[in-house]
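Chemist: To be precise about what I am sending: the file is called run.txt and holds compact mmCIF, C-alpha atoms and all ligand atoms.
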```txt
# COMPACT_ATOMS: atom_id res chain seq x y z
CA MET A 1 -28.90 7.47 12.09
CA ASN A 2 -28.04 5.95 8.70
CA TYR A 3 -24.31 6.70 8.64
CA ILE A 4 -23.85 5.68 5.01
CA GLU A 5 -26.48 8.18 3.85
CA GLU A 6 -25.11 10.85 6.19
CA VAL A 7 -21.56 10.41 4.87
CA GLN A 8 -22.81 10.69 1.28
CA LYS A 9 -24.73 13.84 2.19
CA ILE A 10 -21.79 15.56 3.91
CA LYS A 11 -19.48 14.60 1.05
CA ARG A 12 -21.79 16.44 -1.39
CA GLU A 13 -22.23 19.46 0.90
CA LYS A 14 -18.51 19.85 1.59
CA ASN A 15 -17.15 18.72 -1.78
CA ALA A 16 -15.25 15.90 -0.08
CA ILE A 17 -14.07 12.49 -1.25
CA VAL A 18 -13.19 9.30 0.58
CA LEU A 19 -10.19 7.29 -0.66
CA ALA A 20 -9.96 3.76 0.73
CA HIS A 21 -7.21 1.17 0.56
CA SER A 22 -8.24 -2.39 -0.22
CA TYR A 23 -7.10 -3.56 3.23
CA GLN A 24 -9.78 -1.46 4.93
CA ASN A 25 -12.80 -3.11 6.52
CA ILE A 26 -14.99 -4.02 3.56
CA GLU A 27 -18.00 -1.96 4.72
CA ILE A 28 -15.93 1.20 4.09
CA ASP A 29 -16.43 0.57 0.34
CA SER A 30 -20.04 1.73 0.68
CA VAL A 31 -18.88 5.29 1.45
CA ALA A 32 -15.68 5.35 -0.62
CA ASP A 33 -15.30 7.17 -3.93
CA TYR A 34 -12.27 5.09 -4.85
CA VAL A 35 -10.94 1.82 -3.46
CA GLY A 36 -7.60 0.43 -4.57
CA ASP A 37 -3.86 0.08 -4.09
CA SER A 38 -1.34 2.74 -3.08
CA LEU A 39 -0.55 3.82 -6.64
CA PHE A 40 -4.18 4.18 -7.69
CA LEU A 41 -5.02 6.15 -4.55
CA SER A 42 -2.04 8.51 -5.04
CA GLN A 43 -3.14 9.09 -8.63
CA LYS A 44 -6.69 9.83 -7.47
CA ALA A 45 -5.37 12.16 -4.75
CA LYS A 46 -3.38 14.07 -7.36
CA GLU A 47 -6.30 14.39 -9.80
CA THR A 48 -9.09 15.34 -7.40
CA ASN A 49 -10.93 18.66 -7.37
CA ALA A 50 -12.41 17.95 -3.94
CA ASP A 51 -11.75 20.39 -1.10
CA ILE A 52 -11.49 17.67 1.54
CA ILE A 53 -9.92 14.21 1.23
CA VAL A 54 -10.73 11.66 3.90
CA PHE A 55 -8.15 8.90 3.68
CA ALA A 56 -9.29 5.50 4.90
CA GLY A 57 -5.84 3.97 5.06
CA VAL A 58 -2.61 4.42 7.01
CA TYR A 59 -0.51 7.47 7.83
CA PHE A 60 1.96 7.44 4.92
CA MET A 61 -0.91 7.23 2.42
CA ALA A 62 -2.71 10.25 3.86
CA GLN A 63 0.59 12.10 4.17
CA THR A 64 1.29 11.46 0.46
CA ALA A 65 -2.16 12.82 -0.40
CA LYS A 66 -1.43 15.93 1.69
CA ILE A 67 1.95 16.50 0.03
CA LEU A 68 0.22 16.33 -3.36
CA ASN A 69 -2.52 18.70 -2.15
CA PRO A 70 -0.96 21.32 0.14
CA ASP A 71 -4.04 23.58 -0.11
CA LYS A 72 -6.60 20.88 0.65
CA LYS A 73 -7.71 19.43 3.91
CA VAL A 74 -6.58 15.80 4.25
CA ILE A 75 -8.08 13.87 7.13
CA LEU A 76 -6.98 10.52 8.54
CA PRO A 77 -9.73 9.37 10.92
CA ASN A 78 -7.44 7.41 13.30
CA ILE A 79 -4.40 9.63 13.04
CA LYS A 80 -2.63 8.43 16.23
CA LYS A 81 -2.83 4.71 15.63
CA ALA A 82 -2.94 4.17 11.87
CA GLY A 83 0.81 3.89 11.29
CA CYS A 84 2.60 1.41 9.03
CA GLU A 85 5.12 -0.71 10.91
CA MET A 86 7.36 -0.98 7.87
CA ALA A 87 7.35 2.80 7.19
CA ASP A 88 8.37 3.35 10.81
CA MET A 89 11.44 1.10 10.45
CA ILE A 90 13.49 3.91 8.88
CA ASP A 91 13.78 7.54 9.94
CA LEU A 92 15.77 10.38 8.40
CA GLN A 93 18.87 9.67 10.50
CA GLN A 94 18.88 6.00 9.52
CA LEU A 95 18.36 6.91 5.86
CA ARG A 96 21.35 9.27 5.97
CA GLU A 97 23.54 6.61 7.55
CA PHE A 98 22.48 4.11 4.87
CA LYS A 99 23.19 6.62 2.08
CA ASN A 100 26.59 7.47 3.61
CA LYS A 101 27.53 3.80 3.55
CA TYR A 102 26.84 3.69 -0.21
CA PRO A 103 27.53 7.19 -1.58
CA ASP A 104 26.56 8.38 -5.07
CA ILE A 105 23.98 5.67 -5.74
CA PRO A 106 20.36 6.63 -6.59
CA VAL A 107 17.89 5.97 -3.76
CA ILE A 108 14.39 4.66 -4.26
CA CYS A 109 11.93 4.69 -1.40
CA TYR A 110 8.87 2.54 -1.25
CA ILE A 111 5.78 4.73 -0.82
CA ASN A 112 5.45 3.03 2.59
CA SER A 113 7.83 5.59 4.12
CA THR A 114 7.57 8.91 5.95
CA ALA A 115 7.54 12.33 4.28
CA GLU A 116 10.99 13.00 5.80
CA VAL A 117 12.42 9.88 4.18
CA LYS A 118 10.80 10.76 0.84
CA SER A 119 12.31 14.25 1.10
CA GLU A 120 15.83 12.76 0.78
CA CYS A 121 15.21 10.06 -1.82
CA ASP A 122 15.42 10.41 -5.61
CA ILE A 123 12.14 8.73 -6.52
CA CYS A 124 9.50 6.66 -4.81
CA CYS A 125 7.60 3.59 -5.99
CA THR A 126 4.70 1.39 -5.00
CA SER A 127 4.41 -2.38 -5.18
CA SER A 128 2.69 -2.13 -8.56
CA ASN A 129 5.33 -0.02 -10.30
CA ALA A 130 8.57 -0.85 -8.40
CA VAL A 131 10.11 -2.79 -11.32
CA GLU A 132 9.23 -0.02 -13.80
CA ILE A 133 10.57 2.71 -11.50
CA VAL A 134 13.89 1.01 -10.80
CA ALA A 135 14.33 0.27 -14.53
CA SER A 136 13.55 3.92 -15.37
CA LEU A 137 16.69 5.05 -13.51
CA LYS A 138 18.92 3.09 -15.90
CA ALA A 139 21.47 2.68 -13.10
CA PRO A 140 23.57 -0.46 -12.56
CA LYS A 141 23.15 -0.16 -8.78
CA VAL A 142 20.41 1.39 -6.62
CA LEU A 143 19.58 1.75 -2.94
CA PHE A 144 16.10 0.65 -1.94
CA VAL A 145 14.36 1.56 1.37
CA PRO A 146 12.73 0.36 3.55
CA ASP A 147 11.39 -2.97 2.23
CA LYS A 148 14.12 -5.58 1.73
CA ASN A 149 11.63 -8.09 0.30
CA LEU A 150 10.24 -5.81 -2.39
CA GLY A 151 13.78 -4.66 -3.24
CA ARG A 152 15.00 -8.24 -3.60
CA TRP A 153 11.99 -9.13 -5.76
CA VAL A 154 12.64 -6.16 -8.08
CA GLU A 155 16.29 -7.18 -8.42
CA LYS A 156 15.24 -10.68 -9.49
CA GLN A 157 12.71 -9.38 -12.02
CA LEU A 158 15.21 -7.07 -13.67
CA GLY A 159 18.30 -9.26 -13.58
CA ASN A 160 20.65 -6.43 -14.57
CA VAL A 161 20.46 -4.04 -11.61
CA GLU A 162 22.06 -4.54 -8.21
CA VAL A 163 19.48 -3.54 -5.56
CA ILE A 164 21.03 -2.77 -2.17
CA THR A 165 18.23 -3.01 0.34
CA TYR A 166 17.65 -1.52 3.77
CA ASP A 167 16.65 -4.04 6.42
CA GLY A 168 12.94 -3.13 6.68
CA TYR A 169 9.94 -5.37 6.12
CA CYS A 170 6.20 -5.65 6.67
CA PRO A 171 5.62 -7.91 9.68
CA ILE A 172 2.38 -9.22 8.18
CA HIS A 173 3.81 -10.29 4.81
CA ASN A 174 7.21 -11.28 6.18
CA ASN A 175 5.41 -13.74 8.40
CA PHE A 176 4.25 -15.95 5.51
CA ALA A 177 6.52 -19.03 5.50
CA PRO A 178 7.23 -21.13 2.37
CA ALA A 179 6.07 -24.22 4.30
CA GLY A 180 2.67 -22.50 4.49
CA ILE A 181 2.35 -22.52 0.69
CA LYS A 182 3.20 -26.23 0.50
CA GLU A 183 0.78 -27.20 3.24
CA THR A 184 -2.06 -25.00 1.97
CA ARG A 185 -1.58 -26.19 -1.62
CA PHE A 186 -1.68 -29.80 -0.40
CA LYS A 187 -5.05 -29.14 1.28
CA HIS A 188 -6.51 -27.23 -1.66
CA SER A 189 -4.99 -28.95 -4.68
CA ASP A 190 -4.98 -27.04 -8.00
CA ALA A 191 -5.29 -23.70 -6.20
CA ILE A 192 -3.20 -20.88 -7.71
CA VAL A 193 -1.00 -18.96 -5.23
CA LEU A 194 -1.13 -15.16 -5.58
CA ALA A 195 1.29 -13.22 -3.36
CA HIS A 196 2.19 -9.62 -2.56
CA PRO A 197 5.86 -8.68 -3.21
CA GLU A 198 6.30 -7.70 0.45
CA CYS A 199 6.52 -11.45 1.19
CA ARG A 200 9.92 -13.08 1.70
CA GLU A 201 12.00 -14.17 -1.29
CA GLU A 202 11.74 -17.90 -0.43
CA PHE A 203 7.98 -17.51 -0.24
CA LEU A 204 7.66 -15.61 -3.53
CA ASP A 205 9.75 -18.30 -5.23
CA GLU A 206 6.91 -20.75 -4.54
CA ALA A 207 4.07 -18.44 -5.68
CA ASP A 208 2.40 -18.60 -9.11
CA PHE A 209 1.90 -14.85 -9.40
CA VAL A 210 3.32 -11.84 -7.53
CA GLY A 211 1.55 -8.49 -7.60
CA SER A 212 0.22 -5.49 -5.71
CA THR A 213 -3.18 -5.64 -4.05
CA THR A 214 -4.78 -4.48 -7.31
CA GLY A 215 -2.50 -6.79 -9.31
CA ILE A 216 -3.80 -9.75 -7.30
CA MET A 217 -7.41 -8.69 -7.78
CA ASN A 218 -6.91 -8.19 -11.51
CA TYR A 219 -5.28 -11.61 -11.81
CA VAL A 220 -8.44 -13.22 -10.40
CA LYS A 221 -10.67 -11.07 -12.64
CA ASN A 222 -8.84 -12.21 -15.77
CA SER A 223 -8.35 -15.85 -14.79
CA ASN A 224 -10.45 -18.87 -15.74
CA ASP A 225 -9.22 -20.66 -12.62
CA ASN A 226 -11.56 -21.05 -9.67
CA LYS A 227 -9.36 -21.75 -6.64
CA PHE A 228 -6.85 -19.27 -5.24
CA ILE A 229 -4.57 -19.08 -2.21
CA ILE A 230 -4.12 -15.40 -1.36
CA ALA A 231 -0.94 -14.30 0.43
CA THR A 232 -1.71 -10.78 1.54
CA GLU A 233 -3.88 -8.92 4.03
CA GLN A 234 -7.44 -10.11 4.62
CA GLY A 235 -9.10 -7.03 3.06
CA VAL A 236 -8.14 -8.33 -0.38
CA VAL A 237 -9.50 -11.80 0.40
CA ASP A 238 -12.78 -10.31 1.66
CA ARG A 239 -13.24 -8.24 -1.49
CA LEU A 240 -12.42 -11.20 -3.75
CA LYS A 241 -15.00 -13.35 -1.95
CA ARG A 242 -17.57 -10.58 -2.36
CA ASP A 243 -16.80 -9.95 -6.04
CA TYR A 244 -16.40 -13.57 -7.19
CA PRO A 245 -18.85 -15.66 -5.14
CA SER A 246 -18.48 -18.67 -7.43
CA LYS A 247 -14.70 -18.90 -6.87
CA GLN A 248 -12.88 -20.27 -3.83
CA PHE A 249 -10.31 -18.23 -1.90
CA TYR A 250 -8.04 -19.62 0.81
CA ASN A 251 -5.58 -18.13 3.28
CA ILE A 252 -2.12 -19.52 3.95
CA TYR A 253 -2.67 -22.18 6.65
CA ASP A 254 -6.36 -21.16 6.27
CA LYS A 255 -5.66 -18.34 8.74
CA PRO A 256 -6.50 -14.69 7.90
CA SER A 257 -3.66 -12.12 8.21
CA LEU A 258 -4.69 -8.72 9.49
CA CYS A 259 -2.92 -5.36 9.47
CA GLN A 260 -4.35 -3.86 12.65
CA SER A 261 -3.66 -0.25 11.59
CA MET A 262 -5.66 -0.78 8.42
CA LYS A 263 -8.58 -2.21 10.34
CA LEU A 264 -9.17 0.78 12.62
CA ASN A 265 -11.64 2.77 10.52
CA THR A 266 -15.38 2.37 10.78
CA ILE A 267 -18.07 4.22 8.86
CA THR A 268 -18.85 6.14 12.07
CA ASP A 269 -15.21 7.32 12.22
CA ILE A 270 -15.48 8.55 8.65
CA TYR A 271 -18.74 10.32 9.43
CA ASN A 272 -17.17 12.06 12.46
CA ALA A 273 -14.04 12.96 10.51
CA LEU A 274 -16.11 14.57 7.76
CA LYS A 275 -18.45 16.34 10.16
CA ASP A 276 -15.68 17.80 12.38
CA GLU A 277 -13.03 18.05 9.62
CA THR A 278 -10.48 16.55 11.93
CA PRO A 279 -7.92 15.05 12.61
CA GLU A 280 -6.02 16.81 9.87
CA ILE A 281 -2.69 15.75 8.37
CA LYS A 282 -0.01 18.47 8.34
CA VAL A 283 3.40 18.31 6.67
CA ASP A 284 5.91 21.11 7.14
CA ASP A 285 6.52 23.13 3.96
CA ASP A 286 10.21 22.39 3.63
CA THR A 287 9.75 18.60 3.90
CA ALA A 288 6.69 18.67 1.64
CA GLN A 289 8.46 20.66 -1.08
CA LYS A 290 11.30 18.16 -1.20
CA ALA A 291 9.09 15.05 -0.85
CA ILE A 292 6.74 16.11 -3.65
CA LYS A 293 9.60 15.87 -6.17
CA CYS A 294 10.16 12.24 -5.22
CA ILE A 295 6.43 11.43 -5.51
CA ASN A 296 5.82 13.40 -8.72
CA ARG A 297 8.80 11.78 -10.37
CA MET A 298 7.14 8.42 -9.75
CA LEU A 299 3.76 9.64 -11.01
CA GLU A 300 5.42 10.94 -14.18
CA VAL A 301 6.89 7.49 -14.91
CA SER A 302 3.64 5.67 -13.99
CA LYS A 303 1.01 7.65 -15.88
P1 LIG B 401 -0.28 -1.89 -2.32
O1 LIG B 401 0.56 -0.85 -2.95
O2 LIG B 401 -0.24 -3.17 -3.05
O3 LIG B 401 -1.65 -1.37 -2.12
O4 LIG B 401 0.32 -2.26 -0.91
C1 LIG B 401 0.33 -1.38 0.16
C2 LIG B 401 0.67 -2.04 1.40
O5 LIG B 401 0.80 -1.44 2.41
C3 LIG B 401 0.87 -3.47 1.35
O6 LIG B 401 1.15 -3.94 2.62
FE1 LIG B 402 2.36 -1.40 6.48
FE2 LIG B 402 2.35 -4.04 6.31
FE3 LIG B 402 0.17 -2.78 7.14
FE4 LIG B 402 0.94 -2.62 4.56
S1 LIG B 402 0.23 -4.44 5.67
S2 LIG B 402 0.26 -0.93 5.86
S3 LIG B 402 3.16 -2.62 4.82
S4 LIG B 402 2.18 -2.83 8.17
```
Starting from the coordinates I provided, produce the structure as structure tokens.
Ligand code: 13P
Ligand code: SF4

Modeler:
Amino acid sequence: MNYIEEVQKIKREKNAIVLAHSYQNIEIDSVADYVGDSLFLSQKAKETNADIIVFAGVYFMAQTAKILNPDKKVILPNIKKAGCEMADMIDLQQLREFKNKYPDIPVICYINSTAEVKSECDICCTSSNAVEIVASLKAPKVLFVPDKNLGRWVEKQLGNVEVITYDGYCPIHNNFAPAGIKETRFKHSDAIVLAHPECREEFLDEADFVGSTTGIMNYVKNSNDNKFIIATEQGVVDRLKRDYPSKQFYNIYDKPSLCQSMKLNTITDIYNALKDETPEIKVDDDTAQKAIKCINRMLEVSK
């Protein structure tokens, strides 16, 4: 069976779309309607007229799409395993304890968080709009969960807001060590270092550009340079190599970094998910009604 053709056929028959994050296995792009970063995919999930959304990504992304589309079917092909380690570092109880420690301060949650966490935060953000979102609150002090690295980076960009961060992080990005930049730059001289803001502060200090997955890809698109060291998950590196065959892309220490949860989906999984319309994401009404305010507030700021 030609799974790509079959997926396209079922999508038409069932009025379904496939949203794919740019960390997915690259072959997923051949069946995806949209490929991009978390913000772009949330915007597409909000706009869509499809009846079924298959999310090729991780749990919090599909959950966000479901919250935005309570009457649509949202399917995450590998529902049991496709978690985000950073999102799972804070639950509702831990969020409440954190808020109690710093009362009366606005709370921003990174979109990499559960629906329950979103339901008790003021606004959410993604890596591409975090600076804009924090600035939009016009507060001298904010709480930021769960990513301490992104929170610290935002604080440095703004300079006039104190960002009190929760102690969460992405194990993949947190693993990049500043020594890795020096060594990799030495091997590939003149290469420009592009890094995701989930990397550690000391690492970001050494990078030439910091941006979301789409930010990194746009930097390459608009640059006349030809050699880049990419400090994020391998999906971005694979897509850059595909899209810019005349340019050179290197990993830190020349070793790819993989987010295992992001790498679960295959085209066969997407075919089965569309055919059987399962496994479906469900969010209880009370949580969803509170969480949608936090997500919509972000989408209002980032139009
Ligand atoms: P983006 O918002 O840049 O797509 O990042 C999502 C993510 O999970 C990065 O690890
Ligand atoms: Fe979560 Fe990190 Fe994977 Fe992104 S790369 S989905 S933050 S574990």

Chemist: Atom CA of A:Ile133 and atom CA of A:Glu120, how far apart in Å?

Modeler: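 One can read the atom CA of A:Glu120 to atom CA of A:Ile133 distance as 16.7 Å.
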
Chemist: Quick one, how far is atom CA of A:Gly215 from atom CA of A:Pro256?

Modeler: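 These two atoms are separated by 19.4 Å.
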
Chemist: Go through A:Asp29, A:Asp225, A:Glu206, A:Glu13 one by one, measure the shortest atom-to-atom distance of each to A:Ile52 using all atoms listed in the file, and give the residue with the smallest value.

Modeler: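 For A:Ile52, the nearest of the candidates is A:Glu13.
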
Chemist: Within 8 Å of ligand LIG 402 (chain B), counting all atoms listed in the file, which protein or nucleic acid residues do you find, written as a list in words?

Modeler: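 Using all atoms listed in the file, everything at most 8 Å from ligand LIG 402 (chain B) comes to Tyr23, Gly57, Val58, Gly83, Cys84, Glu85, Met86, Ala87, Asn112, Tyr169, Cys170, Pro171, Ile172, His173, Glu198, Thr232, Glu233, Leu258, Cys259, Gln260, Ser261 and Met262 of chain A.
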
Chemist: Counting all atoms listed in the file, what is within 12 Å of A:Asp104, bar same-chain residues fewer than 2 positions away, as a PDB file with C-alpha atoms, in the frame of the given file?

Modeler:
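Final output, saved to part_32.pdb:
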```pdb
ATOM      1  CA  PHE A  98      22.480   4.110   4.870  1.00  0.00           C
ATOM      2  CA  LYS A  99      23.190   6.620   2.080  1.00  0.00           C
ATOM      3  CA  ASN A 100      26.590   7.470   3.610  1.00  0.00           C
ATOM      4  CA  LYS A 101      27.530   3.800   3.550  1.00  0.00           C
ATOM      5  CA  TYR A 102      26.840   3.690  -0.210  1.00  0.00           C
ATOM      6  CA  PRO A 106      20.360   6.630  -6.590  1.00  0.00           C
ATOM      7  CA  VAL A 107      17.890   5.970  -3.760  1.00  0.00           C
ATOM      8  CA  CYS A 121      15.210  10.060  -1.820  1.00  0.00           C
ATOM      9  CA  ASP A 122      15.420  10.410  -5.610  1.00  0.00           C
ATOM     10  CA  ALA A 139      21.470   2.680 -13.100  1.00  0.00           C
ATOM     11  CA  PRO A 140      23.570  -0.460 -12.560  1.00  0.00           C
ATOM     12  CA  LYS A 141      23.150  -0.160  -8.780  1.00  0.00           C
ATOM     13  CA  VAL A 142      20.410   1.390  -6.620  1.00  0.00           C
ATOM     14  CA  LEU A 143      19.580   1.750  -2.940  1.00  0.00           C
TER      15      LEU A 143
END
```

Chemist: Given a cut-off of 6 Å, what residues near ligand LIG 401 (chain B) show up using all atoms listed in the file, put as JSON, numbers by chain?

Modeler: {"A": [37, 38, 126, 127, 212, 213]}

Chemist: So that I can see what lies close to A:Ile123, please list as a PDB file with C-alpha atoms, in the coordinates of the input the residues with an atom at most 10 Å from it, counting all atoms listed in the file and leaving out residues fewer than 4 positions away in the same chain.

Modeler:
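As a result, part_36.pdb now contains:
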```
ATOM      1  CA  PRO A 106      20.360   6.630  -6.590  1.00  0.00           C
ATOM      2  CA  VAL A 107      17.890   5.970  -3.760  1.00  0.00           C
ATOM      3  CA  ILE A 108      14.390   4.660  -4.260  1.00  0.00           C
ATOM      4  CA  CYS A 109      11.930   4.690  -1.400  1.00  0.00           C
ATOM      5  CA  TYR A 110       8.870   2.540  -1.250  1.00  0.00           C
ATOM      6  CA  ILE A 111       5.780   4.730  -0.820  1.00  0.00           C
ATOM      7  CA  LYS A 118      10.800  10.760   0.840  1.00  0.00           C
ATOM      8  CA  SER A 119      12.310  14.250   1.100  1.00  0.00           C
ATOM      9  CA  ILE A 133      10.570   2.710 -11.500  1.00  0.00           C
ATOM     10  CA  VAL A 134      13.890   1.010 -10.800  1.00  0.00           C
ATOM     11  CA  LEU A 137      16.690   5.050 -13.510  1.00  0.00           C
ATOM     12  CA  ALA A 291       9.090  15.050  -0.850  1.00  0.00           C
ATOM     13  CA  ILE A 292       6.740  16.110  -3.650  1.00  0.00           C
ATOM     14  CA  LYS A 293       9.600  15.870  -6.170  1.00  0.00           C
ATOM     15  CA  CYS A 294      10.160  12.240  -5.220  1.00  0.00           C
ATOM     16  CA  ILE A 295       6.430  11.430  -5.510  1.00  0.00           C
ATOM     17  CA  ASN A 296       5.820  13.400  -8.720  1.00  0.00           C
ATOM     18  CA  ARG A 297       8.800  11.780 -10.370  1.00  0.00           C
ATOM     19  CA  MET A 298       7.140   8.420  -9.750  1.00  0.00           C
ATOM     20  CA  LEU A 299       3.760   9.640 -11.010  1.00  0.00           C
ATOM     21  CA  VAL A 301       6.890   7.490 -14.910  1.00  0.00           C
TER      22      VAL A 301
END
```

Chemist: Which polymer residues, whether protein, DNA or RNA, lie within 9 Å of the coordinate (3.2, -12.9, -4.4) when you count only C-alpha atoms? List them as an MDAnalysis selection string, using the chain letters and numbers from the file.

Modeler: chainID A and resid 193:199 203:212 216 230:232
